[in-house]
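The structure file protein02.txt is reproduced below (compact mmCIF, C-alpha atoms (C1' of nucleotides)).
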```
# COMPACT_ATOMS: atom_id res chain seq x y z
CA MET A 1 -1.47 36.34 -33.96
CA VAL A 2 -2.07 32.84 -35.31
CA LEU A 3 -1.17 30.14 -32.85
CA THR A 4 0.23 26.82 -33.91
CA ALA A 5 -1.69 24.16 -31.99
CA THR A 6 -0.51 24.16 -28.40
CA ASN A 7 -2.02 23.48 -25.02
CA ASN A 8 -2.28 25.28 -21.70
CA SER A 9 0.81 23.74 -20.20
CA THR A 10 2.94 24.60 -23.22
CA GLU A 11 1.61 28.13 -23.27
CA ASP A 12 2.26 28.55 -19.56
CA TYR A 13 5.86 27.47 -19.89
CA LEU A 14 6.41 29.78 -22.84
CA LYS A 15 4.78 32.75 -21.15
CA ASN A 16 6.84 32.29 -18.02
CA ILE A 17 10.05 31.92 -19.98
CA LEU A 18 9.26 35.27 -21.57
CA ILE A 19 8.50 36.85 -18.20
CA LEU A 20 11.68 35.55 -16.59
CA HIS A 21 13.73 36.60 -19.57
CA THR A 22 12.36 40.12 -19.28
CA ARG A 23 12.92 40.15 -15.54
CA ASN A 24 16.35 38.49 -15.31
CA GLY A 25 17.87 38.67 -18.75
CA CYS A 26 18.17 34.89 -18.91
CA VAL A 27 16.21 31.81 -17.90
CA ARG A 28 17.41 28.71 -16.06
CA ALA A 29 15.33 25.58 -15.52
CA VAL A 30 15.54 26.00 -11.77
CA ASP A 31 14.10 29.53 -11.91
CA LEU A 32 11.32 28.41 -14.19
CA ALA A 33 10.52 25.61 -11.75
CA ALA A 34 10.32 28.08 -8.87
CA GLU A 35 8.19 30.49 -10.90
CA LEU A 36 5.71 27.82 -11.93
CA GLY A 37 5.72 25.91 -8.67
CA VAL A 38 6.85 22.63 -10.21
CA THR A 39 9.95 20.49 -9.75
CA LYS A 40 13.11 20.53 -11.85
CA PRO A 41 12.37 17.20 -13.53
CA SER A 42 9.00 18.54 -14.63
CA VAL A 43 10.71 21.50 -16.25
CA SER A 44 13.29 19.21 -17.79
CA ALA A 45 10.57 17.05 -19.34
CA ALA A 46 8.64 20.11 -20.50
CA MET A 47 11.73 21.62 -22.13
CA LYS A 48 12.29 18.36 -23.97
CA ARG A 49 8.74 18.60 -25.33
CA LEU A 50 9.17 22.27 -26.26
CA ARG A 51 12.52 21.60 -27.91
CA ALA A 52 10.90 18.86 -29.97
CA LYS A 53 8.30 21.40 -31.13
CA LYS A 54 11.04 23.96 -31.95
CA LEU A 55 9.61 26.46 -29.47
CA VAL A 56 12.69 26.75 -27.26
CA PHE A 57 16.39 25.98 -27.47
CA ILE A 58 19.30 25.93 -25.04
CA ASN A 59 21.96 28.52 -25.81
CA GLU A 60 25.74 28.34 -25.44
CA ASN A 61 25.47 29.27 -21.75
CA GLY A 62 22.94 26.54 -21.02
CA HIS A 63 20.10 29.02 -20.71
CA ILE A 64 16.59 28.46 -21.99
CA CYS A 65 15.71 30.69 -24.95
CA LEU A 66 12.57 31.11 -27.02
CA THR A 67 12.69 30.51 -30.77
CA GLU A 68 10.84 32.95 -32.98
CA ALA A 69 7.82 30.66 -32.94
CA GLY A 70 8.01 30.24 -29.18
CA ARG A 71 8.29 33.95 -28.60
CA ALA A 72 5.29 34.64 -30.82
CA ILE A 73 3.13 32.32 -28.74
CA ALA A 74 4.51 33.65 -25.46
CA GLU A 75 3.80 37.23 -26.44
CA GLU A 76 0.34 36.42 -27.64
CA ILE A 77 -0.54 34.70 -24.38
CA ASN A 78 1.04 37.48 -22.38
CA SER A 79 -0.98 40.11 -24.23
CA LYS A 80 -4.16 38.19 -23.60
CA HIS A 81 -3.24 37.87 -19.95
CA GLU A 82 -2.72 41.60 -19.52
CA LEU A 83 -5.89 42.51 -21.35
CA ILE A 84 -8.02 40.08 -19.38
CA LYS A 85 -6.52 41.18 -16.09
CA HIS A 86 -7.11 44.80 -17.01
CA PHE A 87 -10.71 44.10 -17.88
CA LEU A 88 -11.40 42.12 -14.73
CA MET A 89 -9.90 44.77 -12.50
CA ASN A 90 -11.93 47.43 -14.23
CA ILE A 91 -15.18 45.67 -13.51
CA GLY A 92 -14.20 45.52 -9.85
CA VAL A 93 -12.48 42.16 -9.41
CA ASN A 94 -9.60 42.43 -6.96
CA GLU A 95 -6.12 42.35 -8.44
CA LYS A 96 -5.04 39.01 -7.01
CA THR A 97 -8.13 37.20 -8.29
CA ALA A 98 -7.93 39.00 -11.62
CA ALA A 99 -4.32 37.92 -12.08
CA LYS A 100 -5.03 34.33 -11.09
CA GLU A 101 -8.10 33.92 -13.27
CA ALA A 102 -6.45 35.66 -16.21
CA CYS A 103 -3.90 32.83 -16.10
CA SER A 104 -6.66 30.38 -16.99
CA ILE A 105 -8.80 32.54 -19.25
CA GLU A 106 -5.83 33.58 -21.39
CA HIS A 107 -5.73 30.06 -22.84
CA ALA A 108 -9.42 30.07 -23.69
CA ILE A 109 -9.85 33.13 -25.88
CA GLY A 110 -9.11 33.34 -29.57
CA GLU A 111 -8.11 36.10 -31.89
CA GLU A 112 -11.62 37.41 -32.40
CA THR A 113 -12.43 37.69 -28.71
CA TYR A 114 -9.08 39.29 -28.00
CA ALA A 115 -9.78 41.93 -30.63
CA ARG A 116 -13.35 42.61 -29.48
CA LEU A 117 -12.35 42.78 -25.83
CA GLY A 118 -9.54 45.17 -26.66
CA GLU A 119 -11.89 47.47 -28.55
CA PHE A 120 -14.45 47.24 -25.80
CA CYS A 121 -11.95 48.15 -23.11
CA SER A 122 -10.57 51.13 -24.96
CA LYS A 123 -14.09 52.43 -25.68
CA THR A 124 -15.58 51.81 -22.27
CA MET A 125 -12.79 51.93 -19.75
CA LEU A 126 -9.99 53.95 -18.33
CA GLY A 127 -6.58 53.79 -20.01
CA LEU A 128 -5.27 50.39 -20.98
CA LYS A 129 -2.70 49.93 -18.22
CA MET B 1 -22.61 29.10 -5.08
CA VAL B 2 -19.69 27.40 -3.34
CA LEU B 3 -18.14 24.67 -5.42
CA THR B 4 -16.73 21.54 -3.89
CA ALA B 5 -13.35 20.98 -5.52
CA THR B 6 -13.88 19.67 -9.04
CA ASN B 7 -12.13 19.89 -12.36
CA ASN B 8 -13.06 20.89 -15.88
CA SER B 9 -13.90 17.40 -17.01
CA THR B 10 -16.17 16.77 -14.04
CA GLU B 11 -17.88 20.11 -14.49
CA ASP B 12 -18.38 19.49 -18.21
CA TYR B 13 -20.02 16.15 -17.59
CA LEU B 14 -22.31 17.60 -14.93
CA LYS B 15 -23.28 20.58 -17.05
CA ASN B 16 -24.11 18.41 -20.02
CA ILE B 17 -26.13 16.00 -17.92
CA LEU B 18 -28.19 18.99 -16.81
CA ILE B 19 -28.61 20.22 -20.37
CA LEU B 20 -29.66 16.82 -21.68
CA HIS B 21 -32.03 16.33 -18.81
CA THR B 22 -33.68 19.64 -19.58
CA ARG B 23 -33.82 18.86 -23.27
CA ASN B 24 -34.87 15.19 -23.18
CA GLY B 25 -36.27 14.55 -19.74
CA CYS B 26 -33.70 11.84 -19.08
CA VAL B 27 -30.02 11.15 -19.76
CA ARG B 28 -28.41 8.01 -21.15
CA ALA B 29 -24.67 7.43 -21.38
CA VAL B 30 -24.85 7.14 -25.14
CA ASP B 31 -26.49 10.57 -25.49
CA LEU B 32 -23.97 12.13 -23.17
CA ALA B 33 -21.18 10.61 -25.25
CA ALA B 34 -22.65 12.08 -28.42
CA GLU B 35 -23.16 15.48 -26.80
CA LEU B 36 -19.60 15.65 -25.51
CA GLY B 37 -17.94 14.01 -28.51
CA VAL B 38 -16.39 11.18 -26.52
CA THR B 39 -16.85 7.42 -26.60
CA LYS B 40 -19.17 5.32 -24.46
CA PRO B 41 -16.35 3.83 -22.38
CA SER B 42 -15.16 7.34 -21.54
CA VAL B 43 -18.61 8.21 -20.27
CA SER B 44 -18.79 4.96 -18.37
CA ALA B 45 -15.50 5.70 -16.61
CA ALA B 46 -16.51 9.29 -15.93
CA MET B 47 -19.83 8.20 -14.42
CA LYS B 48 -17.94 5.84 -12.15
CA ARG B 49 -15.84 8.78 -10.94
CA LEU B 50 -18.90 10.99 -10.49
CA ARG B 51 -20.78 8.25 -8.65
CA ALA B 52 -17.82 7.85 -6.30
CA LYS B 53 -18.02 11.58 -5.57
CA LYS B 54 -21.80 11.35 -5.02
CA LEU B 55 -22.49 13.78 -7.82
CA VAL B 56 -24.63 11.46 -9.96
CA PHE B 57 -26.56 8.24 -9.53
CA ILE B 58 -28.31 5.79 -11.82
CA ASN B 59 -32.06 5.60 -11.32
CA GLU B 60 -34.42 2.63 -11.53
CA ASN B 61 -34.64 3.04 -15.33
CA GLY B 62 -30.89 3.03 -15.75
CA HIS B 63 -30.81 6.74 -16.49
CA ILE B 64 -28.14 9.11 -15.26
CA CYS B 65 -29.38 11.58 -12.65
CA LEU B 66 -27.74 14.41 -10.75
CA THR B 67 -27.64 14.35 -6.96
CA GLU B 68 -28.33 17.61 -5.15
CA ALA B 69 -24.61 18.32 -4.99
CA GLY B 70 -24.17 17.46 -8.66
CA ARG B 71 -27.05 19.64 -9.69
CA ALA B 72 -25.69 22.57 -7.70
CA ILE B 73 -22.38 22.40 -9.54
CA ALA B 74 -24.07 21.87 -12.90
CA GLU B 75 -26.31 24.87 -12.41
CA GLU B 76 -23.46 27.06 -11.27
CA ILE B 77 -21.37 26.19 -14.31
CA ASN B 78 -24.35 26.63 -16.57
CA SER B 79 -25.06 30.09 -15.15
CA LYS B 80 -21.45 31.10 -15.69
CA HIS B 81 -21.62 29.76 -19.21
CA GLU B 82 -24.71 31.77 -20.06
CA LEU B 83 -23.36 34.95 -18.53
CA ILE B 84 -20.02 34.69 -20.30
CA LYS B 85 -21.66 33.89 -23.61
CA HIS B 86 -24.00 36.83 -23.18
CA PHE B 87 -21.11 39.14 -22.42
CA LEU B 88 -19.01 37.96 -25.34
CA MET B 89 -21.86 38.32 -27.79
CA ASN B 90 -22.57 41.79 -26.49
CA ILE B 91 -19.04 42.94 -27.18
CA GLY B 92 -19.37 41.67 -30.74
CA VAL B 93 -18.02 38.13 -30.67
CA ASN B 94 -20.03 35.88 -32.97
CA GLU B 95 -22.38 33.43 -31.32
CA LYS B 96 -20.54 30.27 -32.27
CA THR B 97 -17.21 31.51 -30.95
CA ALA B 98 -18.86 32.95 -27.85
CA ALA B 99 -20.49 29.62 -27.07
CA LYS B 100 -17.30 27.66 -27.66
CA GLU B 101 -15.07 29.92 -25.60
CA ALA B 102 -17.62 30.21 -22.82
CA CYS B 103 -17.24 26.44 -22.44
CA SER B 104 -13.62 26.96 -21.40
CA ILE B 105 -13.92 30.25 -19.55
CA GLU B 106 -16.80 29.00 -17.40
CA HIS B 107 -14.33 26.78 -15.51
CA ALA B 108 -11.93 29.60 -14.85
CA ILE B 109 -14.03 32.21 -13.11
CA GLY B 110 -14.88 32.24 -9.42
CA GLU B 111 -17.72 33.62 -7.41
CA GLU B 112 -16.35 37.14 -7.27
CA THR B 113 -15.80 37.48 -11.00
CA TYR B 114 -19.20 35.96 -11.71
CA ALA B 115 -20.82 38.55 -9.47
CA ARG B 116 -18.87 41.50 -10.89
CA LEU B 117 -19.47 40.42 -14.47
CA GLY B 118 -23.17 40.04 -13.78
CA GLU B 119 -23.38 43.54 -12.32
CA PHE B 120 -21.35 44.94 -15.17
CA CYS B 121 -23.55 43.37 -17.81
CA SER B 122 -26.79 44.56 -16.26
CA LYS B 123 -25.43 48.09 -15.90
CA THR B 124 -23.78 48.36 -19.29
CA MET B 125 -25.59 46.08 -21.67
CA LEU B 126 -28.88 45.21 -23.18
CA GLY B 127 -31.13 42.77 -21.34
CA LEU B 128 -29.59 39.69 -19.86
CA LYS B 129 -30.96 37.16 -22.36
C1' DT C 1 -38.01 -18.61 -30.30
C1' DC C 2 -34.12 -16.78 -31.63
C1' DA C 3 -31.12 -13.42 -34.47
C1' DG C 4 -29.90 -8.58 -34.58
C1' DG C 5 -29.24 -4.52 -32.75
C1' DC C 6 -28.36 -1.38 -29.22
C1' DA C 7 -26.80 0.19 -24.35
C1' DG C 8 -23.43 -0.31 -21.12
C1' DT C 9 -19.18 -2.29 -19.08
C1' DT C 10 -14.53 -4.30 -18.88
C1' DA C 11 -9.85 -4.86 -20.20
C1' DG C 12 -5.91 -3.07 -21.90
C1' DC C 13 -3.35 0.58 -23.91
C1' DC C 14 -1.67 5.51 -24.69
C1' DT C 15 -0.47 10.37 -23.62
C1' DT C 16 0.26 14.21 -20.67
C1' DG C 17 2.12 16.03 -16.84
C1' DT C 18 3.42 15.54 -12.37
C1' DC C 19 6.40 13.56 -8.55
C1' DT C 20 10.70 11.47 -5.81
C1' DA C 21 15.15 9.48 -5.73
C1' DA C 22 19.29 9.12 -7.56
C1' DC C 23 22.81 10.24 -10.76
C1' DT C 24 26.09 13.52 -13.62
C1' DG C 25 28.76 17.28 -14.23
C1' DT C 26 30.66 21.73 -13.29
C1' DA C 27 32.66 25.11 -10.55
C1' DC C 28 34.32 27.31 -6.66
C1' DA C 29 36.60 27.65 -2.14
C1' DT C 30 39.71 26.08 0.85
C1' DA D 1 43.39 18.89 -5.55
C1' DT D 2 39.49 17.95 -3.59
C1' DG D 3 35.10 18.27 -1.31
C1' DT D 4 30.74 20.64 -1.34
C1' DA D 5 27.10 22.86 -3.57
C1' DC D 6 24.16 23.53 -7.11
C1' DA D 7 22.10 22.83 -11.99
C1' DG D 8 20.31 19.55 -14.85
C1' DT D 9 18.95 14.80 -16.34
C1' DT D 10 17.35 10.04 -15.97
C1' DA D 11 14.61 6.37 -14.18
C1' DG D 12 10.52 4.84 -12.45
C1' DA D 13 5.92 5.64 -10.50
C1' DC D 14 1.32 7.59 -10.54
C1' DA D 15 -3.24 9.85 -11.81
C1' DA D 16 -6.42 11.57 -15.10
C1' DG D 17 -8.74 11.00 -19.05
C1' DG D 18 -9.07 9.50 -23.49
C1' DC D 19 -9.24 5.40 -27.06
C1' DT D 20 -10.36 0.55 -29.32
C1' DA D 21 -11.88 -4.13 -29.04
C1' DA D 22 -14.57 -7.25 -27.09
C1' DC D 23 -17.95 -8.78 -23.96
C1' DT D 24 -22.77 -8.84 -21.45
C1' DG D 25 -27.50 -8.30 -21.29
C1' DC D 26 -31.78 -6.98 -22.89
C1' DC D 27 -35.47 -6.28 -26.05
C1' DT D 28 -37.74 -6.68 -30.32
C1' DG D 29 -39.27 -8.28 -34.90
C1' DA D 30 -39.81 -11.89 -38.00
```

Encoded form using structure tokens:
Amino acid sequence: MVLTATNNSTEDYLKNILILHTRNGCVRAVDLAAELGVTKPSVSAAMKRLRAKKLVFINENGHICLTEAGRAIAEEINSKHELIKHFLMNIGVNEKTAAKEACSIEHAIGEETYARLGEFCSKTMLGLK
Amino acid sequence: MVLTATNNSTEDYLKNILILHTRNGCVRAVDLAAELGVTKPSVSAAMKRLRAKKLVFINENGHICLTEAGRAIAEEINSKHELIKHFLMNIGVNEKTAAKEACSIEHAIGEETYARLGEFCSKTMLGLK
DNA sequence: TCAGGCAGTTAGCCTTGTCTAACTGTACAT
DNA sequence: ATGTACAGTTAGACAAGGCTAACTGCCTGA
């Protein structure tokens, strides 16, 4: 749970690569583009940046894969996303809004807040999804 | 409590103009630069953008002032900031972290979440600062 | 009165992240 | 074997927002 310095865009790409990998078993640039609502060249440029940072690589089949470091970040962001969404829904925010806002808030909270919010939810609220 | 479309940078400038105005009675570009940790030319460019959007104006003394619209946004962001910081501190996040993260989260939550979080805090927690 | 200092602006550059248009390359179906 | 479709990349543009260097303009103290 210690992020190497990244930014929102990087984290979003990594998170969505993880999600698509879980959903489809593999990740193509064109699927990632559709998922994120950007164009193929944007994904291409982003993958170049992520490759340079050793966060993704392209495997023998031409698919996008996370490195260990990339996966660690993706999972961290994904965990934050789920926790924040859970919290928001539990205080009465509707699911769609909770999901959308969690996508922004997930980039803003650090280790400490993640831990405290997790404790708080398990003390105060119904089961953690 | 209905924001005209803005972005984080715009909202940060407006919020800090409000804060400096409250603290000092007036706002100069150089103080705003110091407060935000940016250079004078950055503030100058930002003020040009905000003037174009009718969110700030320069008064007879050369000081930066919020228009009604600018003040509305600044106050909304500031309220969100205070609420989020309050919440985070109440779940055990240390003040410094709470303040820093509130500065990011404040841009990510909408009207609904602000309302629900406010209700939740007054039900569940100690006095609202 | 004029030299310094300070506030603000302008010019020019960089990075990030997006876009469209056009190209490459593969692969499949006829 | 060849044309069509689709995945991916490259080239070139743009906008936002930041920076440094250099300029303007004012005000003050000696």

If you take all atoms listed in the file and a cut-off of 8 Å, which residues of chain A touch chain B, and what are their nearest atom pairs and distances in Å to one decimal, in chain and number order, as a Markdown table?
```
| residue | atom | partner | partner_atom | distance |
| --- | --- | --- | --- | --- |
| A:Leu88 | CA | B:Thr113 | CA | 7.4 |
| A:Ile91 | CA | B:Arg116 | CA | 6.2 |
| A:Gly92 | CA | B:Arg116 | CA | 6.2 |
| A:Val93 | CA | B:Thr113 | CA | 6.0 |
| A:Glu101 | CA | B:Ala108 | CA | 6.0 |
| A:Ser104 | CA | B:Ala108 | CA | 5.7 |
| A:Ile105 | CA | B:Ile105 | CA | 5.6 |
| A:Ala108 | CA | B:Ser104 | CA | 5.7 |
| A:Ile109 | CA | B:Glu101 | CA | 6.1 |
| A:Gly110 | CA | B:Glu101 | CA | 7.9 |
| A:Glu112 | CA | B:Val93 | CA | 6.7 |
| A:Thr113 | CA | B:Val93 | CA | 5.9 |
| A:Arg116 | CA | B:Ile91 | CA | 6.1 |
| A:Leu117 | CA | B:Ile91 | CA | 6.8 |
| A:Phe120 | CA | B:Ile91 | CA | 6.4 |
```

Could you list the residues in chain A lying within 10 Å of chain D, using all atoms listed in the file, and format the result as a short mmCIF file (atom, residue, chain, number, x, y, z; two decimals) with C-alpha atoms, in the frame of the given file?
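The resulting selection15.cif:
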```cif
data_model
loop_
_atom_site.label_atom_id
_atom_site.label_comp_id
_atom_site.auth_asym_id
_atom_site.auth_seq_id
_atom_site.Cartn_x
_atom_site.Cartn_y
_atom_site.Cartn_z
CA ARG A 28 17.41 28.71 -16.06
CA ALA A 29 15.33 25.58 -15.52
CA VAL A 30 15.54 26.00 -11.77
CA LYS A 40 13.11 20.53 -11.85
CA PRO A 41 12.37 17.20 -13.53
CA VAL A 43 10.71 21.50 -16.25
CA SER A 44 13.29 19.21 -17.79
CA ALA A 45 10.57 17.05 -19.34
CA GLY A 62 22.94 26.54 -21.02
#
```

### Task
Could you tell me how far atom CA of Cys65 of chain B lies from atom C1' of DT10 of chain C, in Å and to one decimal?
22.6 Å

### Message
What are the residues of chain C lining chain B at 9 Å or less? Count all atoms listed in the file, and put the answer as an MDAnalysis selection string.
### Response
chainID C and resid 7:9

### Message
To one decimal place in Å, what is the distance between atom CA of Thr22 of chain A and atom CA of Leu50 of chain A?
### Response
19.4 Å

### Message
Between A:Met125, A:His21, A:Ala72, A:Leu32, which residue has the minimum interatomic distance to Ala46 of chain A, considering all atoms listed in the file?
### Response
A:Leu32

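Here atom CA of Ile84 of chain A stands at a distance of 27.0 Å from atom CA of Leu14 of chain B.
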
### Task
Go ahead and find all residues with at least one atom no further than 10 Å from (7.1, 31.2, -12.1) in the file's coordinates, using only C-alpha atoms (C1' of nucleotides); report them as a VMD selection string.
chain A and resid 12 to 13 15 to 17 19 to 20 30 to 38
